[in-house]
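The structure under discussion appears below in the form of structure tokens.
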Amino acid sequence: MTVIGLDDTDSREFGMCTTYVASGVADRVEAAGGHVDRVLLVRLNPAVEHKTRGNAALAVHCDLAPETAESIAREELAAAETDDPNTNPGFVVAPGAPDAVPDAVAAFARDALREIHAIDDARVLADESGYRHGGHGNARGTVGALAAVGAWAALDDWTYEHISYRESDRWGTERDVDSDSLFAAADRHYPDVWDTVDRVEGEAVCVPHTPCPILYGIRGDDPGSVRALADEIRSEPVHDSRLFVTNQGTDAHLADGELGALDPKRGWRVGGTVLGEPETREGGHVFVGFGDPDGPRIECAAFEPTKRFRDRVRALRPGDRLTVCGEVSDGTLKLEKFAVRELDRTRLVTPTCPDCGRTMKSAGRNQGYRCRDCGTHADGKVETTVERDLEPGWYEVPPCARRHVAKPLVRGGFDAETHPER
């Protein structure tokens with residue numbers, strides 16, 4: 001067995017796509033008489049600044065000899081968008097079974113989902129492991145390529161994506177995908193296939209808006225269902241397609257953290273208490289204080305692109321106990337989902353007169369309240385029970401705002417009642 005890892009072949013400005021390059025490598029492997037067991041699409045730390053949209057690295061699991069695999073990788077890497085100085089592709093060719101990589105390589109892959117690796121560290125580890133590697137520019141893609149090589153041994157939750165590609169003369173033009181057939185197919189195959197569309201926003205989530213070769217990508221838990229849904233979409237001609245095994249929709253980027261020790265540029269899952277009233281700021285972004293009433297705290301944010309999720313955050317009140325999930329950056333946790341553990345259902349309100357039922361008035365500073373008509377008196381505000389717009393359970397951003405690696409509630413496996421929103 002041989003594993004071919006690839007990364008950083010695309011560009012925010014010029015397009016291209018590492019999945020397309022990896023699919024080309026797989027085609028070349030088969031044309032050379034080899035067999036491809038699977039192609040992995042591995043989403044790495046989404047907080048890395050130099051990433052393109054999804055921070056994907058790819059690995060082709062095949063049975064070619066390492067020297068032949070290296071030759072193919074070098075030739076196919078020429079398809080990378082090296083005109084962009086921010087594109088620095090790299091490859092790694094690893095002999096041996098993908099589930100039998102050295103422990104250090106598997107650890108490198110796990111860490112790449114939540115941390116930031118140095119290029120030199122990837123090169124050194126590849127050399128120590130006896131792997132062939134190379135690239136263009138500073139070959140920053142070596143980091144992701146090595147992580148993709150180790151991912152099969154490092155992770156245990158896998159989903160699928162069926163990606164259809166456009167004819168090359170259409171790249172960079174508006175995509176022709178029939179919305180009615182797409183939404184109907186999404187309904188038929190939900191929940192085995194998820195994040196295909198956002199029904200509330202009316203958005204085709206699976207159709208990208210970049211100049212890349214992808215026509216649409218269909219994600220789900222069942223390989224047959226993602227293929228079937230793709231076949232039911234009416235669209236412009238499909239040039240080629242491939243099924244990828246992926247860690248998308250798994251929350252593999254999140255680590256359990258503690259307040260006061262949430263390093264930036266990483267994804268965290270942490271418990272605490274709402275400390276203040278939610279505040280909507282310029283641009284429609286919603287912020288809320290969160291943490292320990294007597295200790296460390298952080299600001300959580302639901303940004304405008306999260307749409308209706310912001311209403312869930314606005315419904316929070318001081319004293320609510322939550323588990324929050326998201327990336328920490330510049331002292332702010334960018335919310336991807338949260339779980340309500342306990343709601344504060346009480347409020348202090350101005351008392352009413354027990355005789356006439358009217359609301360009492362202040363009797364003066366620190367003198368409580370009195371009814372001016374009846375003369376009754378109360379020492380201060382009284383506690384009452386209030387209705388809340390939230391219930392205990394999980395709440396998530398809508399499909400149109402979800403990160404590739406974030407786990408949708410519809411997949412289940414969460415530790416409280418869920419509130420999936422289609």
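Letters A, B, ... go to the chains of the structure tokens in the order shown; residues in each chain start at 1; ligands are counted from 1 in the same order.
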Taking the chain letters and numbering used in this document, name the residues of stretch 134-356 of chain A that DSSP puts in strand (DSSP E or B), as JSON, numbers by chain.
-> {"A": [134, 135, 159, 160, 161, 162, 163, 164, 165, 166, 177, 193, 194, 198, 203, 214, 215, 216, 217, 218, 219, 220, 235, 238, 239, 240, 241, 242, 243, 244, 245, 246, 254, 255, 256, 266, 267, 268, 269, 270, 271, 272, 273, 274, 279, 280, 286, 287, 288, 289, 290, 291, 297, 298, 299, 300, 301, 302, 321, 322, 323, 324, 325, 326, 327, 328, 329, 332, 333, 334, 335, 336, 337, 338, 339, 340, 341, 342, 346, 347, 348, 349, 352]}
Check which residues of stretch 242-333 of chain A sit at most 6 Å from stretch 24-40 of chain A using only C-alpha atoms, and return one row each with the closest pair of atoms and their distance in Å to one decimal, ordered by chain and rising number, as CSV.
```
residue,atom,partner,partner_atom,distance
A:Phe244,CA,A:Val39,CA,5.3
A:Val245,CA,A:Leu40,CA,4.8
A:Thr246,CA,A:Leu40,CA,5.6
```
Within 12 Å of A:His404, counting only C-alpha atoms, which residues qualify if same-chain residues fewer than 3 places away don't, as a ChimeraX atom specification?
-> /A:41-46,53-56,159-161,194-196,205-206,217-220,246-253,336,399-401,407-408
Can you write out the residues you just picked, keeping N, CA and C atoms, as an mmCIF file, in the first residue's frame?
```cif
data_model
loop_
_atom_site.group_PDB
_atom_site.id
_atom_site.type_symbol
_atom_site.label_atom_id
_atom_site.label_comp_id
_atom_site.auth_asym_id
_atom_site.auth_seq_id
_atom_site.Cartn_x
_atom_site.Cartn_y
_atom_site.Cartn_z
ATOM 1 N N LEU A 41 -10.723 13.252 2.189
ATOM 2 C CA LEU A 41 -10.805 14.704 2.215
ATOM 3 C C LEU A 41 -10.780 15.092 3.689
ATOM 4 N N VAL A 42 -9.674 15.645 4.143
ATOM 5 C CA VAL A 42 -9.468 15.912 5.570
ATOM 6 C C VAL A 42 -9.501 17.412 5.825
ATOM 7 N N ARG A 43 -10.471 17.858 6.591
ATOM 8 C CA ARG A 43 -10.549 19.261 6.980
ATOM 9 C C ARG A 43 -9.676 19.481 8.211
ATOM 10 N N LEU A 44 -8.709 20.367 8.075
ATOM 11 C CA LEU A 44 -7.789 20.666 9.166
ATOM 12 C C LEU A 44 -8.270 21.896 9.933
ATOM 13 N N ASN A 45 -7.457 22.377 10.861
ATOM 14 C CA ASN A 45 -7.817 23.487 11.738
ATOM 15 C C ASN A 45 -8.419 24.651 10.938
ATOM 16 N N PRO A 46 -9.705 24.954 11.116
ATOM 17 C CA PRO A 46 -10.318 26.024 10.319
ATOM 18 C C PRO A 46 -9.883 27.421 10.749
ATOM 19 N N ARG A 53 -11.059 28.557 1.818
ATOM 20 C CA ARG A 53 -12.302 28.496 2.591
ATOM 21 C C ARG A 53 -12.383 27.302 3.547
ATOM 22 N N GLY A 54 -12.031 26.114 3.101
ATOM 23 C CA GLY A 54 -12.290 24.945 3.935
ATOM 24 C C GLY A 54 -11.086 24.279 4.546
ATOM 25 N N ASN A 55 -9.872 24.708 4.199
ATOM 26 C CA ASN A 55 -8.633 24.133 4.713
ATOM 27 C C ASN A 55 -8.620 22.611 4.566
ATOM 28 N N ALA A 56 -8.762 22.154 3.337
ATOM 29 C CA ALA A 56 -8.802 20.721 3.062
ATOM 30 C C ALA A 56 -7.445 20.196 2.626
ATOM 31 N N THR A 159 -17.422 10.658 7.367
ATOM 32 C CA THR A 159 -18.633 10.855 6.576
ATOM 33 C C THR A 159 -18.228 10.810 5.098
ATOM 34 N N TYR A 160 -19.142 11.246 4.204
ATOM 35 C CA TYR A 160 -18.872 11.145 2.766
ATOM 36 C C TYR A 160 -19.252 12.441 2.066
ATOM 37 N N GLU A 161 -18.548 12.722 0.982
ATOM 38 C CA GLU A 161 -18.958 13.809 0.089
ATOM 39 C C GLU A 161 -18.774 13.355 -1.349
ATOM 40 N N TRP A 194 -27.058 15.736 4.493
ATOM 41 C CA TRP A 194 -27.329 16.973 5.233
ATOM 42 C C TRP A 194 -26.501 18.131 4.670
ATOM 43 N N ASP A 195 -26.931 19.330 5.057
ATOM 44 C CA ASP A 195 -26.246 20.568 4.646
ATOM 45 C C ASP A 195 -26.169 20.724 3.126
ATOM 46 N N THR A 196 -27.168 20.185 2.427
ATOM 47 C CA THR A 196 -27.247 20.350 0.981
ATOM 48 C C THR A 196 -27.823 21.717 0.638
ATOM 49 N N VAL A 205 -26.616 25.390 -0.406
ATOM 50 C CA VAL A 205 -25.358 25.344 0.340
ATOM 51 C C VAL A 205 -24.301 24.524 -0.391
ATOM 52 N N CYS A 206 -24.725 23.517 -1.120
ATOM 53 C CA CYS A 206 -23.784 22.591 -1.764
ATOM 54 C C CYS A 206 -23.133 23.169 -3.019
ATOM 55 N N GLY A 217 -21.170 19.814 -4.178
ATOM 56 C CA GLY A 217 -20.666 18.769 -3.300
ATOM 57 C C GLY A 217 -21.756 18.333 -2.346
ATOM 58 N N ILE A 218 -22.065 17.026 -2.335
ATOM 59 C CA ILE A 218 -23.176 16.492 -1.558
ATOM 60 C C ILE A 218 -22.613 15.689 -0.382
ATOM 61 N N ARG A 219 -22.993 16.080 0.840
ATOM 62 C CA ARG A 219 -22.418 15.494 2.049
ATOM 63 C C ARG A 219 -23.445 14.695 2.829
ATOM 64 N N GLY A 220 -22.984 13.625 3.442
ATOM 65 C CA GLY A 220 -23.892 12.838 4.261
ATOM 66 C C GLY A 220 -23.208 11.662 4.906
ATOM 67 N N THR A 246 -14.480 11.544 4.338
ATOM 68 C CA THR A 246 -14.089 12.821 4.916
ATOM 69 C C THR A 246 -14.435 12.925 6.398
ATOM 70 N N ASN A 247 -13.755 13.822 7.082
ATOM 71 C CA ASN A 247 -14.073 14.113 8.480
ATOM 72 C C ASN A 247 -15.017 15.302 8.601
ATOM 73 N N GLN A 248 -15.639 15.718 7.504
ATOM 74 C CA GLN A 248 -16.596 16.818 7.550
ATOM 75 C C GLN A 248 -17.785 16.438 8.435
ATOM 76 N N GLY A 249 -18.313 17.415 9.129
ATOM 77 C CA GLY A 249 -19.471 17.166 9.971
ATOM 78 C C GLY A 249 -19.188 16.325 11.194
ATOM 79 N N THR A 250 -17.984 16.409 11.754
ATOM 80 C CA THR A 250 -17.615 15.545 12.883
ATOM 81 C C THR A 250 -17.197 16.301 14.139
ATOM 82 N N ASP A 251 -17.016 17.618 14.069
ATOM 83 C CA ASP A 251 -16.490 18.402 15.205
ATOM 84 C C ASP A 251 -15.089 17.968 15.615
ATOM 85 N N ALA A 252 -14.328 17.416 14.674
ATOM 86 C CA ALA A 252 -12.979 16.956 15.007
ATOM 87 C C ALA A 252 -12.050 18.105 15.397
ATOM 88 N N HIS A 253 -12.444 19.334 15.088
ATOM 89 C CA HIS A 253 -11.601 20.493 15.401
ATOM 90 C C HIS A 253 -11.788 21.000 16.815
ATOM 91 N N GLU A 336 -20.355 28.425 17.110
ATOM 92 C CA GLU A 336 -20.817 27.489 16.085
ATOM 93 C C GLU A 336 -22.065 26.754 16.550
ATOM 94 N N PRO A 399 -27.406 25.788 8.144
ATOM 95 C CA PRO A 399 -26.500 25.194 7.151
ATOM 96 C C PRO A 399 -25.713 26.210 6.332
ATOM 97 N N CYS A 400 -26.311 27.348 6.031
ATOM 98 C CA CYS A 400 -25.622 28.336 5.201
ATOM 99 C C CYS A 400 -24.409 28.925 5.891
ATOM 100 N N ALA A 401 -24.308 28.779 7.213
ATOM 101 C CA ALA A 401 -23.199 29.364 7.973
ATOM 102 C C ALA A 401 -22.296 28.319 8.602
ATOM 103 N N LYS A 407 -20.074 19.661 13.263
ATOM 104 C CA LYS A 407 -21.044 18.564 13.256
ATOM 105 C C LYS A 407 -22.464 19.099 13.356
ATOM 106 N N PRO A 408 -23.314 18.808 12.368
ATOM 107 C CA PRO A 408 -24.714 19.236 12.464
ATOM 108 C C PRO A 408 -25.467 18.392 13.483
#
```
Could you give me, as an NGL selection string, the residues within 12 Å of A:Val105, counting only C-alpha atoms and dropping anything in the same chain fewer than 2 positions from it?
-> :A and (92 or 94 or 98-103 or 107-112 or 121-131 or 143-154)
Quick one: write out the picked residues with N, CA, C and O atoms as a short mmCIF file (atom, residue, chain, number, x, y, z; two decimals), in the first residue's frame?
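Saved as part.cif:
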```cif
data_model
loop_
_atom_site.label_atom_id
_atom_site.label_comp_id
_atom_site.auth_asym_id
_atom_site.auth_seq_id
_atom_site.Cartn_x
_atom_site.Cartn_y
_atom_site.Cartn_z
N VAL A 92 3.27 14.43 0.01
CA VAL A 92 4.00 13.43 0.79
C VAL A 92 3.58 12.07 0.27
O VAL A 92 2.37 11.82 0.10
N ALA A 94 3.84 8.11 1.25
CA ALA A 94 4.16 7.25 2.39
C ALA A 94 3.92 5.79 2.04
O ALA A 94 2.78 5.40 1.77
N PRO A 98 -2.39 2.70 5.32
CA PRO A 98 -2.75 3.98 5.93
C PRO A 98 -3.09 3.91 7.40
O PRO A 98 -3.05 4.93 8.10
N ASP A 99 -3.43 2.71 7.90
CA ASP A 99 -3.72 2.58 9.33
C ASP A 99 -2.52 2.12 10.13
O ASP A 99 -2.63 1.80 11.32
N ALA A 100 -1.35 2.08 9.48
CA ALA A 100 -0.14 1.60 10.15
C ALA A 100 0.98 2.63 10.10
O ALA A 100 2.15 2.28 10.08
N VAL A 101 0.63 3.91 10.07
CA VAL A 101 1.64 4.96 10.06
C VAL A 101 2.29 5.04 11.44
O VAL A 101 1.72 4.58 12.44
N PRO A 102 3.49 5.60 11.55
CA PRO A 102 4.11 5.78 12.87
C PRO A 102 3.21 6.59 13.79
O PRO A 102 2.44 7.46 13.35
N ASP A 103 3.31 6.33 15.09
CA ASP A 103 2.48 7.04 16.06
C ASP A 103 2.68 8.55 15.95
O ASP A 103 1.73 9.32 16.14
N ALA A 107 -0.23 11.34 15.49
CA ALA A 107 -0.35 12.45 16.44
C ALA A 107 -0.27 13.79 15.71
O ALA A 107 -0.99 14.74 16.05
N PHE A 108 0.60 13.87 14.71
CA PHE A 108 0.72 15.09 13.90
C PHE A 108 -0.61 15.40 13.22
O PHE A 108 -1.05 16.56 13.18
N ALA A 109 -1.28 14.36 12.72
CA ALA A 109 -2.57 14.54 12.05
C ALA A 109 -3.63 15.02 13.03
O ALA A 109 -4.39 15.94 12.74
N ARG A 110 -3.69 14.41 14.21
CA ARG A 110 -4.68 14.84 15.21
C ARG A 110 -4.46 16.30 15.61
O ARG A 110 -5.39 17.09 15.70
N ASP A 111 -3.20 16.64 15.82
CA ASP A 111 -2.89 18.02 16.23
C ASP A 111 -3.20 19.03 15.13
O ASP A 111 -3.53 20.18 15.42
N ALA A 112 -3.07 18.61 13.87
CA ALA A 112 -3.31 19.53 12.75
C ALA A 112 -4.76 19.96 12.67
O ALA A 112 -5.08 20.96 12.03
N ASP A 121 8.78 21.37 10.79
CA ASP A 121 8.43 20.20 11.60
C ASP A 121 7.84 19.09 10.72
O ASP A 121 8.12 17.90 10.94
N ALA A 122 7.05 19.48 9.73
CA ALA A 122 6.48 18.48 8.82
C ALA A 122 7.57 17.83 7.99
O ALA A 122 7.57 16.60 7.80
N ARG A 123 8.50 18.63 7.49
CA ARG A 123 9.58 18.07 6.68
C ARG A 123 10.43 17.09 7.50
O ARG A 123 10.79 16.00 7.03
N VAL A 124 10.78 17.48 8.72
CA VAL A 124 11.62 16.63 9.56
C VAL A 124 10.91 15.31 9.86
O VAL A 124 11.51 14.23 9.77
N LEU A 125 9.64 15.37 10.21
CA LEU A 125 8.89 14.15 10.53
C LEU A 125 8.74 13.27 9.29
O LEU A 125 8.82 12.03 9.39
N ALA A 126 8.51 13.87 8.14
CA ALA A 126 8.42 13.09 6.90
C ALA A 126 9.73 12.37 6.62
O ALA A 126 9.74 11.18 6.25
N ASP A 127 10.85 13.07 6.81
CA ASP A 127 12.16 12.44 6.61
C ASP A 127 12.38 11.31 7.60
O ASP A 127 12.84 10.21 7.24
N GLU A 128 12.08 11.55 8.86
CA GLU A 128 12.27 10.53 9.90
C GLU A 128 11.40 9.30 9.64
O GLU A 128 11.77 8.17 10.03
N SER A 129 10.27 9.50 8.98
CA SER A 129 9.35 8.39 8.71
C SER A 129 9.67 7.68 7.40
O SER A 129 9.00 6.69 7.05
N GLY A 130 10.68 8.16 6.68
CA GLY A 130 11.05 7.55 5.42
C GLY A 130 10.13 7.88 4.27
O GLY A 130 10.01 7.11 3.31
N TYR A 131 9.46 9.04 4.33
CA TYR A 131 8.51 9.42 3.32
C TYR A 131 9.17 10.31 2.26
O TYR A 131 10.03 11.12 2.57
N VAL A 143 2.64 20.39 5.24
CA VAL A 143 1.99 20.22 6.55
C VAL A 143 0.67 19.46 6.38
O VAL A 143 0.43 18.43 7.03
N GLY A 144 -0.20 19.97 5.52
CA GLY A 144 -1.48 19.33 5.32
C GLY A 144 -1.35 17.96 4.68
O GLY A 144 -2.10 17.03 5.01
N ALA A 145 -0.39 17.82 3.75
CA ALA A 145 -0.19 16.53 3.09
C ALA A 145 0.20 15.45 4.09
O ALA A 145 -0.31 14.32 4.04
N LEU A 146 1.10 15.79 5.03
CA LEU A 146 1.51 14.82 6.05
C LEU A 146 0.34 14.52 6.99
O LEU A 146 0.14 13.37 7.40
N ALA A 147 -0.44 15.55 7.34
CA ALA A 147 -1.61 15.32 8.19
C ALA A 147 -2.62 14.40 7.50
O ALA A 147 -3.22 13.53 8.14
N ALA A 148 -2.80 14.59 6.19
CA ALA A 148 -3.72 13.72 5.45
C ALA A 148 -3.22 12.28 5.42
O ALA A 148 -4.02 11.34 5.48
N VAL A 149 -1.90 12.11 5.35
CA VAL A 149 -1.32 10.75 5.38
C VAL A 149 -1.65 10.06 6.70
O VAL A 149 -1.96 8.87 6.74
N GLY A 150 -1.60 10.80 7.81
CA GLY A 150 -1.83 10.20 9.12
C GLY A 150 -3.27 10.16 9.57
O GLY A 150 -3.58 9.56 10.61
N ALA A 151 -4.18 10.77 8.80
CA ALA A 151 -5.55 10.96 9.27
C ALA A 151 -6.31 9.65 9.46
O ALA A 151 -7.09 9.51 10.40
N TRP A 152 -6.11 8.67 8.57
CA TRP A 152 -6.87 7.41 8.66
C TRP A 152 -6.59 6.69 9.97
O TRP A 152 -7.48 6.05 10.54
N ALA A 153 -5.36 6.80 10.46
CA ALA A 153 -5.00 6.17 11.74
C ALA A 153 -5.39 7.03 12.92
O ALA A 153 -5.54 6.52 14.04
N ALA A 154 -5.58 8.34 12.70
CA ALA A 154 -5.80 9.26 13.81
C ALA A 154 -7.26 9.46 14.15
O ALA A 154 -7.60 9.77 15.29
#
```
Figure out the distance between atom CA of A:His162 and atom CA of A:Ala65, please, to one decimal in Å.
->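 Computed distance, atom CA of A:Ala65 to atom CA of A:His162, equals 27.4 Å.
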